[in-house]
$ cat entry.cif   # mmCIF, C-alpha atoms and all ligand atoms
data_entry
loop_
_atom_site.label_atom_id
_atom_site.label_comp_id
_atom_site.auth_asym_id
_atom_site.auth_seq_id
_atom_site.Cartn_x
_atom_site.Cartn_y
_atom_site.Cartn_z
CA MET A 225 -25.46 15.66 -23.28
CA THR A 226 -23.17 13.65 -21.02
CA VAL A 227 -21.92 14.96 -17.70
CA CYS A 228 -19.13 13.34 -15.66
CA GLU A 229 -17.48 14.63 -12.54
CA ALA A 230 -14.15 13.65 -11.01
CA PRO A 231 -12.61 14.47 -7.64
CA GLY A 232 -9.51 16.43 -6.77
CA LYS A 233 -6.93 15.05 -4.33
CA VAL A 234 -4.41 15.79 -1.65
CA TYR A 235 -1.06 14.07 -1.34
CA LEU A 236 -0.67 12.34 1.99
CA PHE A 237 2.91 11.66 0.86
CA GLY A 238 5.19 11.51 -2.13
CA GLU A 239 4.61 14.27 -4.73
CA HIS A 240 7.58 15.10 -6.95
CA ALA A 241 9.51 11.97 -5.88
CA VAL A 242 6.82 9.91 -7.64
CA VAL A 243 7.99 11.41 -10.95
CA TYR A 244 11.30 9.54 -10.37
CA GLY A 245 9.78 6.17 -9.59
CA GLU A 246 9.36 6.52 -5.82
CA PRO A 247 5.95 5.55 -4.41
CA ALA A 248 3.29 8.16 -3.55
CA VAL A 249 -0.02 8.03 -1.69
CA PRO A 250 -2.56 10.62 -2.80
CA ALA A 251 -6.16 10.59 -1.54
CA ALA A 252 -9.21 11.85 -3.45
CA ILE A 253 -11.26 14.59 -1.79
CA GLU A 254 -14.83 15.75 -2.19
CA ARG A 255 -14.13 18.72 -4.44
CA ARG A 256 -15.01 17.95 -8.02
CA ALA A 257 -14.70 19.13 -11.59
CA ALA A 258 -17.75 18.45 -13.76
CA VAL A 259 -17.38 18.26 -17.52
CA THR A 260 -20.33 18.27 -19.92
CA ALA A 261 -19.74 16.98 -23.46
CA GLU A 262 -22.27 17.39 -26.24
CA PRO A 263 -21.26 16.05 -29.67
CA ARG A 264 -21.60 18.53 -32.55
CA ALA A 265 -22.44 18.02 -36.20
CA ASP A 266 -19.14 19.67 -37.24
CA ASP A 267 -15.55 19.18 -36.02
CA HIS A 268 -15.49 22.33 -33.87
CA VAL A 269 -14.77 22.33 -30.17
CA ARG A 270 -16.43 25.00 -28.06
CA VAL A 271 -15.32 25.25 -24.46
CA GLU A 272 -17.07 27.13 -21.72
CA ALA A 273 -15.25 27.16 -18.43
CA GLU A 274 -16.43 28.50 -15.12
CA ASP A 275 -14.89 28.65 -11.68
CA LEU A 276 -11.45 27.52 -12.82
CA SER A 277 -9.94 30.32 -10.73
CA LEU A 278 -10.67 32.41 -13.79
CA ASP A 279 -13.58 34.72 -14.26
CA GLY A 280 -14.83 32.17 -16.74
CA PHE A 281 -14.39 32.17 -20.47
CA THR A 282 -15.88 30.72 -23.63
CA VAL A 283 -13.82 29.82 -26.67
CA GLU A 284 -14.58 28.10 -29.94
CA TYR A 285 -12.11 26.69 -32.40
CA SER A 286 -12.25 24.38 -35.35
CA GLY A 287 -10.24 21.62 -36.98
CA GLY A 288 -7.01 20.92 -35.16
CA THR A 289 -7.05 21.81 -31.49
CA ASP A 290 -3.77 23.65 -32.13
CA ASP A 291 -5.74 26.64 -33.44
CA ARG A 292 -5.54 29.18 -30.67
CA PRO A 293 -8.74 30.93 -29.72
CA ASP A 294 -9.05 34.69 -29.48
CA VAL A 295 -10.30 35.58 -26.00
CA ASP A 296 -10.00 38.49 -23.64
CA VAL A 297 -8.72 36.79 -20.49
CA PRO A 298 -5.01 36.47 -19.65
CA THR A 299 -3.38 34.11 -22.13
CA PRO A 300 -1.38 31.95 -19.66
CA LEU A 301 -4.52 31.10 -17.71
CA VAL A 302 -6.42 30.17 -20.84
CA GLU A 303 -3.41 28.22 -22.10
CA ALA A 304 -3.24 26.30 -18.84
CA ALA A 305 -6.90 25.41 -18.80
CA MET A 306 -7.21 24.82 -22.53
CA GLY A 307 -4.12 22.62 -22.74
CA TYR A 308 -5.76 20.00 -20.55
CA VAL A 309 -9.13 20.23 -22.32
CA ASP A 310 -7.37 19.92 -25.70
CA ALA A 311 -5.48 16.86 -24.52
CA ALA A 312 -8.67 15.26 -23.17
CA VAL A 313 -10.45 15.85 -26.50
CA ARG A 314 -7.53 14.30 -28.39
CA GLN A 315 -7.62 11.20 -26.17
CA ALA A 316 -11.40 10.86 -26.50
CA ARG A 317 -11.24 11.17 -30.30
CA ASP A 318 -8.52 8.56 -30.43
CA ALA A 319 -10.25 6.15 -28.01
CA ALA A 320 -13.55 6.38 -29.89
CA ASP A 321 -11.81 6.24 -33.28
CA ALA A 322 -13.59 9.48 -34.19
CA PRO A 323 -10.80 11.87 -35.26
CA ASP A 324 -13.24 14.54 -36.49
CA ALA A 325 -15.62 14.51 -33.54
CA GLY A 326 -16.64 18.00 -32.42
CA PHE A 327 -17.97 18.90 -28.98
CA ASP A 328 -19.58 21.60 -26.95
CA ILE A 329 -17.77 21.28 -23.64
CA THR A 330 -18.58 22.94 -20.35
CA VAL A 331 -16.24 22.76 -17.38
CA GLU A 332 -17.46 23.64 -13.92
CA SER A 333 -15.01 23.09 -11.12
CA ASP A 334 -14.79 23.82 -7.44
CA ILE A 335 -11.11 22.81 -7.41
CA PRO A 336 -8.79 25.82 -7.76
CA LEU A 337 -6.46 25.61 -10.78
CA GLY A 338 -2.81 24.75 -10.20
CA ALA A 339 -3.20 24.81 -6.44
CA GLY A 340 -2.11 21.26 -5.66
CA LEU A 341 -5.58 19.75 -5.45
CA GLY A 342 -5.46 17.95 -8.78
CA SER A 343 -7.70 20.28 -10.80
CA SER A 344 -6.12 19.43 -14.14
CA ALA A 345 -6.32 15.67 -13.51
CA ALA A 346 -9.98 15.98 -12.51
CA VAL A 347 -10.79 17.98 -15.67
CA VAL A 348 -8.92 15.52 -17.88
CA VAL A 349 -10.49 12.42 -16.27
CA ALA A 350 -14.04 13.83 -16.32
CA GLY A 351 -13.48 15.24 -19.83
CA ILE A 352 -12.32 11.97 -21.39
CA ASP A 353 -15.05 10.03 -19.60
CA ALA A 354 -17.81 12.44 -20.72
CA ALA A 355 -16.55 12.76 -24.30
CA THR A 356 -16.08 9.02 -24.88
CA ARG A 357 -19.49 8.25 -23.36
CA ALA A 358 -21.07 10.97 -25.52
CA LEU A 359 -19.58 9.20 -28.57
CA GLY A 360 -20.99 5.85 -27.39
CA ALA A 361 -17.52 4.48 -26.57
CA PRO A 362 -17.22 4.40 -22.76
CA LEU A 363 -13.88 3.28 -21.32
CA ASP A 364 -13.23 1.02 -18.38
CA ARG A 365 -11.57 2.74 -15.42
CA ARG A 366 -8.07 1.42 -16.00
CA GLU A 367 -8.08 2.62 -19.62
CA LEU A 368 -9.62 5.93 -18.63
CA ALA A 369 -6.89 6.44 -16.01
CA ASP A 370 -4.23 5.48 -18.55
CA ARG A 371 -5.53 7.89 -21.21
CA ALA A 372 -5.87 10.67 -18.64
CA TYR A 373 -2.25 10.07 -17.64
CA ARG A 374 -1.17 10.26 -21.28
CA ALA A 375 -3.07 13.54 -21.66
CA GLU A 376 -1.33 15.05 -18.60
CA HIS A 377 1.99 13.63 -19.74
CA ASP A 378 1.62 15.44 -23.10
CA VAL A 379 0.67 18.77 -21.52
CA GLN A 380 3.44 18.53 -18.90
CA GLU A 381 5.96 17.63 -21.60
CA GLY A 382 6.70 14.15 -20.39
CA GLN A 383 7.10 15.04 -16.72
CA ALA A 384 4.02 13.61 -15.07
CA SER A 385 3.34 10.61 -12.89
CA ARG A 386 0.20 8.51 -12.94
CA ALA A 387 -0.68 9.56 -9.38
CA ASP A 388 -3.12 12.45 -9.90
CA THR A 389 -5.05 10.92 -12.78
CA PHE A 390 -5.27 7.43 -11.22
CA CYS A 391 -6.45 8.87 -7.91
CA SER A 392 -9.08 11.06 -9.58
CA THR A 393 -10.36 8.12 -11.63
CA MET A 394 -10.54 5.59 -8.80
CA GLY A 395 -11.30 7.75 -5.77
CA GLY A 396 -10.21 6.86 -2.22
CA ALA A 397 -6.54 6.59 -1.38
CA VAL A 398 -4.20 5.05 -3.94
CA ARG A 399 -0.60 3.99 -4.16
CA VAL A 400 1.38 4.76 -7.28
CA GLU A 401 4.92 3.62 -8.02
CA GLY A 402 5.97 4.00 -11.64
CA ASP A 403 3.34 2.21 -13.73
CA ASP A 404 1.99 0.26 -10.74
CA CYS A 405 -1.20 1.87 -9.49
CA GLU A 406 -3.46 0.33 -6.86
CA PRO A 407 -6.23 1.53 -4.55
CA VAL A 408 -5.22 1.24 -0.87
CA ALA A 409 -7.45 0.95 2.17
CA ALA A 410 -7.29 4.07 4.31
CA PRO A 411 -9.06 5.10 7.48
CA ASN A 412 -11.16 8.22 7.55
CA LEU A 413 -8.36 10.78 7.86
CA PRO A 414 -9.29 14.27 9.11
CA PHE A 415 -7.82 16.42 6.31
CA VAL A 416 -7.82 20.18 6.64
CA VAL A 417 -6.75 22.24 3.61
CA GLY A 418 -5.35 25.78 3.58
CA PHE A 419 -5.29 27.64 0.26
CA ASP A 420 -3.21 30.77 -0.30
CA GLY A 421 -5.28 31.84 -3.32
CA GLY A 422 -2.35 31.30 -5.66
CA ALA A 423 -0.98 28.61 -7.92
CA GLY A 424 2.33 27.08 -8.88
CA ASP A 425 3.49 26.21 -12.37
CA THR A 426 3.63 22.41 -12.19
CA GLY A 427 5.81 22.02 -15.29
CA LYS A 428 8.41 24.52 -14.04
CA LEU A 429 8.45 23.13 -10.50
CA VAL A 430 8.85 19.55 -11.72
CA ALA A 431 11.63 20.66 -14.08
CA GLY A 432 13.36 22.55 -11.22
CA VAL A 433 13.42 19.43 -9.05
CA GLY A 434 14.76 17.47 -12.04
CA GLU A 435 17.63 19.95 -12.48
CA LEU A 436 18.55 19.79 -8.79
CA ARG A 437 18.50 16.01 -8.97
CA GLU A 438 20.85 16.06 -11.95
CA GLU A 439 23.19 18.55 -10.36
CA TYR A 440 23.48 17.32 -6.78
CA GLY A 441 23.73 13.81 -5.41
CA PHE A 442 22.16 15.04 -2.18
CA ALA A 443 19.08 16.23 -4.09
CA ALA A 444 18.76 12.74 -5.57
CA ASP A 445 19.16 11.38 -2.01
CA THR A 446 16.44 13.75 -0.81
CA ILE A 447 14.08 12.33 -3.44
CA GLU A 448 14.91 8.81 -2.28
CA SER A 449 14.28 9.91 1.31
CA VAL A 450 10.79 11.02 0.28
CA GLY A 451 10.32 7.46 -0.97
CA ASP A 452 11.41 6.14 2.47
CA VAL A 453 8.87 8.41 4.17
CA VAL A 454 6.14 7.07 1.85
CA ARG A 455 7.09 3.44 2.52
CA THR A 456 7.00 4.08 6.27
CA GLY A 457 3.61 5.82 5.94
CA GLU A 458 2.04 3.10 3.86
CA ALA A 459 3.15 0.44 6.35
CA LEU A 460 1.30 2.41 9.04
CA LEU A 461 -1.81 2.61 6.85
CA ALA A 462 -1.66 -1.11 6.11
CA ASP A 463 -1.82 -1.83 9.86
CA ALA A 464 -4.75 0.56 10.42
CA VAL A 465 -8.41 -0.43 10.46
CA PRO A 466 -9.60 0.32 6.91
CA GLU A 467 -12.39 2.87 6.61
CA GLY A 468 -12.63 3.16 10.40
CA GLU A 469 -11.72 6.08 12.62
CA PRO A 470 -7.93 6.41 12.89
CA SER A 471 -6.37 5.95 16.32
CA PRO A 472 -4.62 8.93 17.97
CA GLU A 473 -1.32 7.02 17.69
CA LEU A 474 -1.77 6.53 13.94
CA LEU A 475 -2.61 10.22 13.44
CA ALA A 476 0.46 11.25 15.46
CA GLU A 477 2.76 8.99 13.42
CA LEU A 478 1.27 9.97 10.04
CA GLY A 479 1.47 13.62 11.05
CA GLU A 480 5.14 13.29 11.95
CA LEU A 481 5.83 11.77 8.54
CA MET A 482 3.90 14.58 6.83
CA ASP A 483 6.08 17.12 8.65
CA PHE A 484 9.14 15.26 7.49
CA ASN A 485 7.84 15.09 3.92
CA HIS A 486 7.24 18.86 3.92
CA GLY A 487 10.80 19.49 5.06
CA LEU A 488 12.18 17.36 2.23
CA LEU A 489 9.98 19.15 -0.33
CA ALA A 490 11.14 22.50 1.03
CA ALA A 491 14.74 21.32 0.60
CA LEU A 492 13.92 20.58 -3.04
CA GLY A 493 12.83 24.19 -3.46
CA VAL A 494 9.11 23.69 -4.05
CA SER A 495 7.68 25.31 -0.93
CA ALA A 496 6.82 29.00 -0.64
CA ARG A 497 6.58 31.51 2.18
CA SER A 498 2.77 31.32 2.15
CA LEU A 499 2.85 27.49 2.24
CA ASP A 500 5.41 27.46 5.07
CA SER A 501 3.41 29.92 7.11
CA MET A 502 0.21 27.89 6.69
CA VAL A 503 2.11 24.72 7.63
CA TRP A 504 3.39 26.39 10.79
CA ALA A 505 -0.01 27.87 11.64
CA ALA A 506 -1.48 24.35 11.42
CA ARG A 507 1.26 22.86 13.59
CA ASP A 508 0.95 25.65 16.16
CA ALA A 509 -2.80 25.03 16.30
CA GLY A 510 -2.15 21.41 17.27
CA ALA A 511 -2.43 19.62 13.94
CA HIS A 512 -0.78 16.19 13.98
CA GLY A 513 1.24 17.25 10.96
CA ALA A 514 1.10 19.45 7.87
CA LYS A 515 2.71 19.64 4.46
CA LEU A 516 2.30 21.29 1.10
CA THR A 517 0.31 19.22 -1.36
CA GLY A 518 0.90 18.84 -5.10
CA ALA A 519 3.55 20.63 -7.08
CA GLY A 520 3.95 23.50 -4.56
CA GLY A 521 5.22 26.98 -5.33
CA GLY A 522 1.90 28.31 -3.99
CA GLY A 523 -1.55 26.84 -3.59
CA CYS A 524 -2.50 24.46 -0.82
CA ILE A 525 -1.27 22.72 2.28
CA VAL A 526 -2.90 19.72 3.91
CA ALA A 527 -2.95 19.09 7.67
CA LEU A 528 -4.37 16.34 9.87
CA ASP A 529 -6.65 17.53 12.66
CA ALA A 530 -9.99 16.12 13.78
CA SER A 531 -10.72 19.23 15.88
CA ASP A 532 -11.69 22.66 14.51
CA ALA A 533 -8.48 24.28 15.76
CA THR A 534 -6.43 24.05 12.55
CA GLU A 535 -9.23 25.25 10.28
CA THR A 536 -9.87 28.20 12.60
CA ALA A 537 -6.16 29.06 12.90
CA LEU A 538 -5.68 28.89 9.13
CA SER A 539 -8.65 31.16 8.52
CA PHE A 540 -6.83 33.82 10.61
CA THR A 541 -3.41 33.20 9.05
CA GLN A 542 -2.07 35.95 6.88
CA GLY A 543 -1.79 34.67 3.33
CA CYS A 544 -4.42 31.96 3.76
CA GLU A 545 -7.39 32.81 1.57
CA GLU A 546 -9.53 29.78 2.33
CA ALA A 547 -9.44 26.96 4.85
CA PHE A 548 -11.74 23.96 4.70
CA ARG A 549 -12.15 20.40 5.85
CA ALA A 550 -11.72 17.94 3.00
CA GLU A 551 -13.64 14.66 3.14
CA LEU A 552 -12.15 11.60 1.48
CA ALA A 553 -13.98 11.00 -1.83
CA THR A 554 -14.46 7.24 -1.80
CA GLU A 555 -16.03 7.34 -5.27
CA GLY A 556 -13.82 8.38 -8.18
CA VAL A 557 -15.12 9.70 -11.49
CA ARG A 558 -18.86 9.28 -11.84
CA VAL A 559 -21.56 9.86 -14.42
CA VAL A 560 -24.00 12.58 -13.47
CA GLU A 561 -25.98 12.43 -16.71
CA PRO A 562 -25.51 9.53 -19.12
C1 LIG A 601 1.50 17.37 -9.06
O1 LIG A 601 0.17 17.34 -8.57
C2 LIG A 601 2.25 16.19 -8.53
C3 LIG A 601 3.69 16.07 -9.04
O2 LIG A 601 4.25 14.92 -8.36
C4 LIG A 601 3.77 15.86 -10.52
C5 LIG A 601 3.22 14.50 -10.95
O3 LIG A 601 3.17 13.57 -10.17
O4 LIG A 601 2.87 14.41 -12.16
C6 LIG A 601 4.52 17.28 -8.66
#

$ encode --input "entry.cif" --output "structure tokens"
Amino acid sequence: MTVCEAPGKVYLFGEHAVVYGEPAVPAAIERRAAVTAEPRADDHVRVEAEDLSLDGFTVEYSGGTDDRPDVDVPTPLVEAAMGYVDAAVRQARDAADAPDAGFDITVESDIPLGAGLGSSAAVVVAGIDAATRALGAPLDRRELADRAYRAEHDVQEGQASRADTFCSTMGGAVRVEGDDCEPVAAPNLPFVVGFDGGAGDTGKLVAGVGELREEYGFAADTIESVGDVVRTGEALLADAVPEGEPSPELLAELGELMDFNHGLLAALGVSARSLDSMVWAARDAGAHGAKLTGAGGGGCIVALDASDATETALSFTQGCEEAFRAELATEGVRVVEP
């Protein structure tokens, strides 16, 4: 039995625009998905999933992972969760040159599904790592990140960047621009997350931005402006003391850029009333800045505030189901049981 766990993430800057080659800076947070993989004697795959914002489910299927299991939880939720597990199994089989490998897989996650905190990337990264290790064919981190990206890319029908999967694999803050992915030094930023209890459909939201970009030059300009915000933000980070406490000036400037980034994402149609109201609650409480994180449409916002004020205000905000402080996860995917 091999268990690996990988962190979720928040986007400091750059979601959506990163799909079109602009840079993005996501940061891993200490909320993890743990995947257990136990090889089987046959070619079946049995998946037990808990805490994926579902009530939990168990499915078993054989042969091709295209066979759809018969379960009594809502199909779209199972499809969403299973699609990523399927893709991770396919990548692990391919990497280990074991096309008929079967597994008992258990997924336990404290990252809500589809909420902008990188749950699918964490499941895919931990899943490929656990399954390849269980087959005696562990991957180095760069290859693991690449295979996890390909898995997400397949599930999201070609519309995925490397940002979520690279960040979840490596941990810390990273910079992604097209195929260039590098860890970046970042101070200890005081992230506060607000979660509306819902989720967005990443595929649909990404496609919606793509349509706007095709239709309107100003939408394409908006995407480029997100890139400008990211470049300005990363220059600030580069001047900061790595891994130290951020100065008040740095927090103020990063916060201002986060506010700007949220406005641009809202213009691209990926915010939601609940996300806007959490963003404003955070700003009113004195956060340095706040923005939606991830694909949007519902899910989470991220704010910067070292005091308790934003977390407290969010916990009293209508539409906010959960507010919590998110620590930077300096370690990416890790083996819990070899
Ligand atoms: C989703 O977490 C982030 C998006 O930029 C899509 C992607 O990068 O694959 C919206």

$ closest_atom_pairs --input "entry.cif" --of "stretch 235-260 of chain A" --to "stretch 454-461 of chain A" --cutoff "7 Å" --atoms "all atoms listed in the file" --output "Markdown table"
| residue | atom | partner | partner_atom | distance |
| --- | --- | --- | --- | --- |
| A:Phe237 | CA | A:Val454 | CA | 5.7 |
| A:Gly238 | CA | A:Val454 | CA | 6.0 |
| A:Pro247 | CA | A:Val454 | CA | 6.4 |
| A:Ala248 | CA | A:Val454 | CA | 6.2 |

$ residues_near_point --input "entry.cif" --point "(2.7, 20.8, 1.5)" --cutoff "9 Å" --atoms "only C-alpha atoms" --output "PDB file with C-alpha atoms, in the coordinates of the input"
ATOM      1  CA  TYR A 235      -1.060  14.070  -1.340  1.00  0.00           C
ATOM      2  CA  GLY A 340      -2.110  21.260  -5.660  1.00  0.00           C
ATOM      3  CA  MET A 482       3.900  14.580   6.830  1.00  0.00           C
ATOM      4  CA  ASP A 483       6.080  17.120   8.650  1.00  0.00           C
ATOM      5  CA  ASN A 485       7.840  15.090   3.920  1.00  0.00           C
ATOM      6  CA  HIS A 486       7.240  18.860   3.920  1.00  0.00           C
ATOM      7  CA  GLY A 487      10.800  19.490   5.060  1.00  0.00           C
ATOM      8  CA  LEU A 489       9.980  19.150  -0.330  1.00  0.00           C
ATOM      9  CA  ALA A 490      11.140  22.500   1.030  1.00  0.00           C
ATOM     10  CA  VAL A 494       9.110  23.690  -4.050  1.00  0.00           C
ATOM     11  CA  SER A 495       7.680  25.310  -0.930  1.00  0.00           C
ATOM     12  CA  LEU A 499       2.850  27.490   2.240  1.00  0.00           C
ATOM     13  CA  ASP A 500       5.410  27.460   5.070  1.00  0.00           C
ATOM     14  CA  VAL A 503       2.110  24.720   7.630  1.00  0.00           C
ATOM     15  CA  ALA A 514       1.100  19.450   7.870  1.00  0.00           C
ATOM     16  CA  LYS A 515       2.710  19.640   4.460  1.00  0.00           C
ATOM     17  CA  LEU A 516       2.300  21.290   1.100  1.00  0.00           C
ATOM     18  CA  THR A 517       0.310  19.220  -1.360  1.00  0.00           C
ATOM     19  CA  GLY A 518       0.900  18.840  -5.100  1.00  0.00           C
ATOM     20  CA  ALA A 519       3.550  20.630  -7.080  1.00  0.00           C
ATOM     21  CA  GLY A 520       3.950  23.500  -4.560  1.00  0.00           C
ATOM     22  CA  GLY A 523      -1.550  26.840  -3.590  1.00  0.00           C
ATOM     23  CA  CYS A 524      -2.500  24.460  -0.820  1.00  0.00           C
ATOM     24  CA  ILE A 525      -1.270  22.720   2.280  1.00  0.00           C
ATOM     25  CA  VAL A 526      -2.900  19.720   3.910  1.00  0.00           C
ATOM     26  CA  ALA A 527      -2.950  19.090   7.670  1.00  0.00           C
TER      27      ALA A 527
END

$ residues_near_ligand --input "entry.cif" --ligand "ligand LIG 601 (chain A)" --cutoff "8 Å" --atoms "all atoms listed in the file" --output "ChimeraX atom specification"
/A:238-243,340-342,376-377,380,383-388,426,429-430,517-520

$ write_last_selection --input "entry.cif" --atoms "C-alpha atoms" --output "PDB file, in the frame of the given file"
ATOM      1  CA  GLY A 238       5.190  11.510  -2.130  1.00  0.00           C
ATOM      2  CA  GLU A 239       4.610  14.270  -4.730  1.00  0.00           C
ATOM      3  CA  HIS A 240       7.580  15.100  -6.950  1.00  0.00           C
ATOM      4  CA  ALA A 241       9.510  11.970  -5.880  1.00  0.00           C
ATOM      5  CA  VAL A 242       6.820   9.910  -7.640  1.00  0.00           C
ATOM      6  CA  VAL A 243       7.990  11.410 -10.950  1.00  0.00           C
ATOM      7  CA  GLY A 340      -2.110  21.260  -5.660  1.00  0.00           C
ATOM      8  CA  LEU A 341      -5.580  19.750  -5.450  1.00  0.00           C
ATOM      9  CA  GLY A 342      -5.460  17.950  -8.780  1.00  0.00           C
ATOM     10  CA  GLU A 376      -1.330  15.050 -18.600  1.00  0.00           C
ATOM     11  CA  HIS A 377       1.990  13.630 -19.740  1.00  0.00           C
ATOM     12  CA  GLN A 380       3.440  18.530 -18.900  1.00  0.00           C
ATOM     13  CA  GLN A 383       7.100  15.040 -16.720  1.00  0.00           C
ATOM     14  CA  ALA A 384       4.020  13.610 -15.070  1.00  0.00           C
ATOM     15  CA  SER A 385       3.340  10.610 -12.890  1.00  0.00           C
ATOM     16  CA  ARG A 386       0.200   8.510 -12.940  1.00  0.00           C
ATOM     17  CA  ALA A 387      -0.680   9.560  -9.380  1.00  0.00           C
ATOM     18  CA  ASP A 388      -3.120  12.450  -9.900  1.00  0.00           C
ATOM     19  CA  THR A 426       3.630  22.410 -12.190  1.00  0.00           C
ATOM     20  CA  LEU A 429       8.450  23.130 -10.500  1.00  0.00           C
ATOM     21  CA  VAL A 430       8.850  19.550 -11.720  1.00  0.00           C
ATOM     22  CA  THR A 517       0.310  19.220  -1.360  1.00  0.00           C
ATOM     23  CA  GLY A 518       0.900  18.840  -5.100  1.00  0.00           C
ATOM     24  CA  ALA A 519       3.550  20.630  -7.080  1.00  0.00           C
ATOM     25  CA  GLY A 520       3.950  23.500  -4.560  1.00  0.00           C
TER      26      GLY A 520
END

$ closest_residue --input "entry.cif" --among "A:Leu478, A:Ala369, A:Ala354, A:Cys544" --to "A:Arg497" --atoms "all atoms listed in the file"
A:Cys544

$ residues_around --input "entry.cif" --residues "stretch 244-246 of chain A" --least-positions-apart "3" --cutoff "7 Å" --atoms "all atoms listed in the file" --output "NGL selection string"
:A and (241 or 401-402 or 448 or 451)

$ atom_distance --input "entry.cif" --atom1 "atom CA of A:Ala462" --atom2 "atom CA of A:Asp403"
20.7 Å

$ residues_around --input "entry.cif" --residues "A:Pro411" --least-positions-apart "2" --cutoff "7 Å" --atoms "all atoms listed in the file" --output "JSON, numbers by chain"
{"A": [409, 413, 464, 465, 466, 467, 468, 469, 470]}

$ residues_around --input "entry.cif" --residues "A:Arg437" --least-positions-apart "3" --cutoff "12 Å" --atoms "all atoms listed in the file" --output "PyMOL selection string"
chain A and resi 240-241+243-244+430-434+440-448+491-493

$ atom_distance --input "entry.cif" --atom1 "atom CA of A:Gly396" --atom2 "atom CA of A:Glu367"
18.0 Å

$ closest_atom_pairs --input "entry.cif" --of "stretch 353-384 of chain A" --to "stretch 262-269 of chain A" --cutoff "10 Å" --atoms "only C-alpha atoms" --output "tab-separated table"
residue	atom	partner	partner_atom	distance
A:Ala354	CA	A:Glu262	CA	8.7
A:Ala355	CA	A:Glu262	CA	7.6
A:Thr356	CA	A:Pro263	CA	10.0
A:Arg357	CA	A:Glu262	CA	10.0
A:Ala358	CA	A:Pro263	CA	6.6
A:Leu359	CA	A:Pro263	CA	7.1

$ residues_around --input "entry.cif" --residues "A:Val557" --least-positions-apart "5" --cutoff "9 Å" --atoms "only C-alpha atoms" --output "list in words"
Cys228, Glu229, Ala230, Pro231, Arg256, Ala346, Val349, Ala350, Asp353, Arg365, Ser392, Thr393, Met394 and Gly395 of chain A

$ atom_distance --input "entry.cif" --atom1 "atom CA of A:Ala505" --atom2 "atom CA of A:Pro472"
20.5 Å

$ residues_near_point --input "entry.cif" --point "(-15.0, 14.9, -27.5)" --cutoff "7 Å" --atoms "only C-alpha atoms" --output "MDAnalysis selection string"
chainID A and resid 261 263 313 316:317 325:327 355:356

$ write_last_selection --input "entry.cif" --atoms "C-alpha atoms" --output "compact mmCIF listing (two decimals), in the coordinates of the input"
# COMPACT_ATOMS: atom_id res chain seq x y z
CA ALA A 261 -19.74 16.98 -23.46
CA PRO A 263 -21.26 16.05 -29.67
CA VAL A 313 -10.45 15.85 -26.50
CA ALA A 316 -11.40 10.86 -26.50
CA ARG A 317 -11.24 11.17 -30.30
CA ALA A 325 -15.62 14.51 -33.54
CA GLY A 326 -16.64 18.00 -32.42
CA PHE A 327 -17.97 18.90 -28.98
CA ALA A 355 -16.55 12.76 -24.30
CA THR A 356 -16.08 9.02 -24.88

$ closest_residue --input "entry.cif" --among "A:Thr226, A:Thr260, A:Thr541, A:Gln315" --to "A:Val331" --atoms "only C-alpha atoms"
A:Thr260

$ closest_residue --input "entry.cif" --among "A:Leu436, A:Ala319, A:Met225, A:Ala547" --to "A:Pro362" --atoms "all atoms listed in the file"
A:Ala319

$ closest_residue --input "entry.cif" --among "A:Asp378, A:Asp321, A:Asp334, A:Asp310" --to "A:Gly360" --atoms "all atoms listed in the file"
A:Asp321
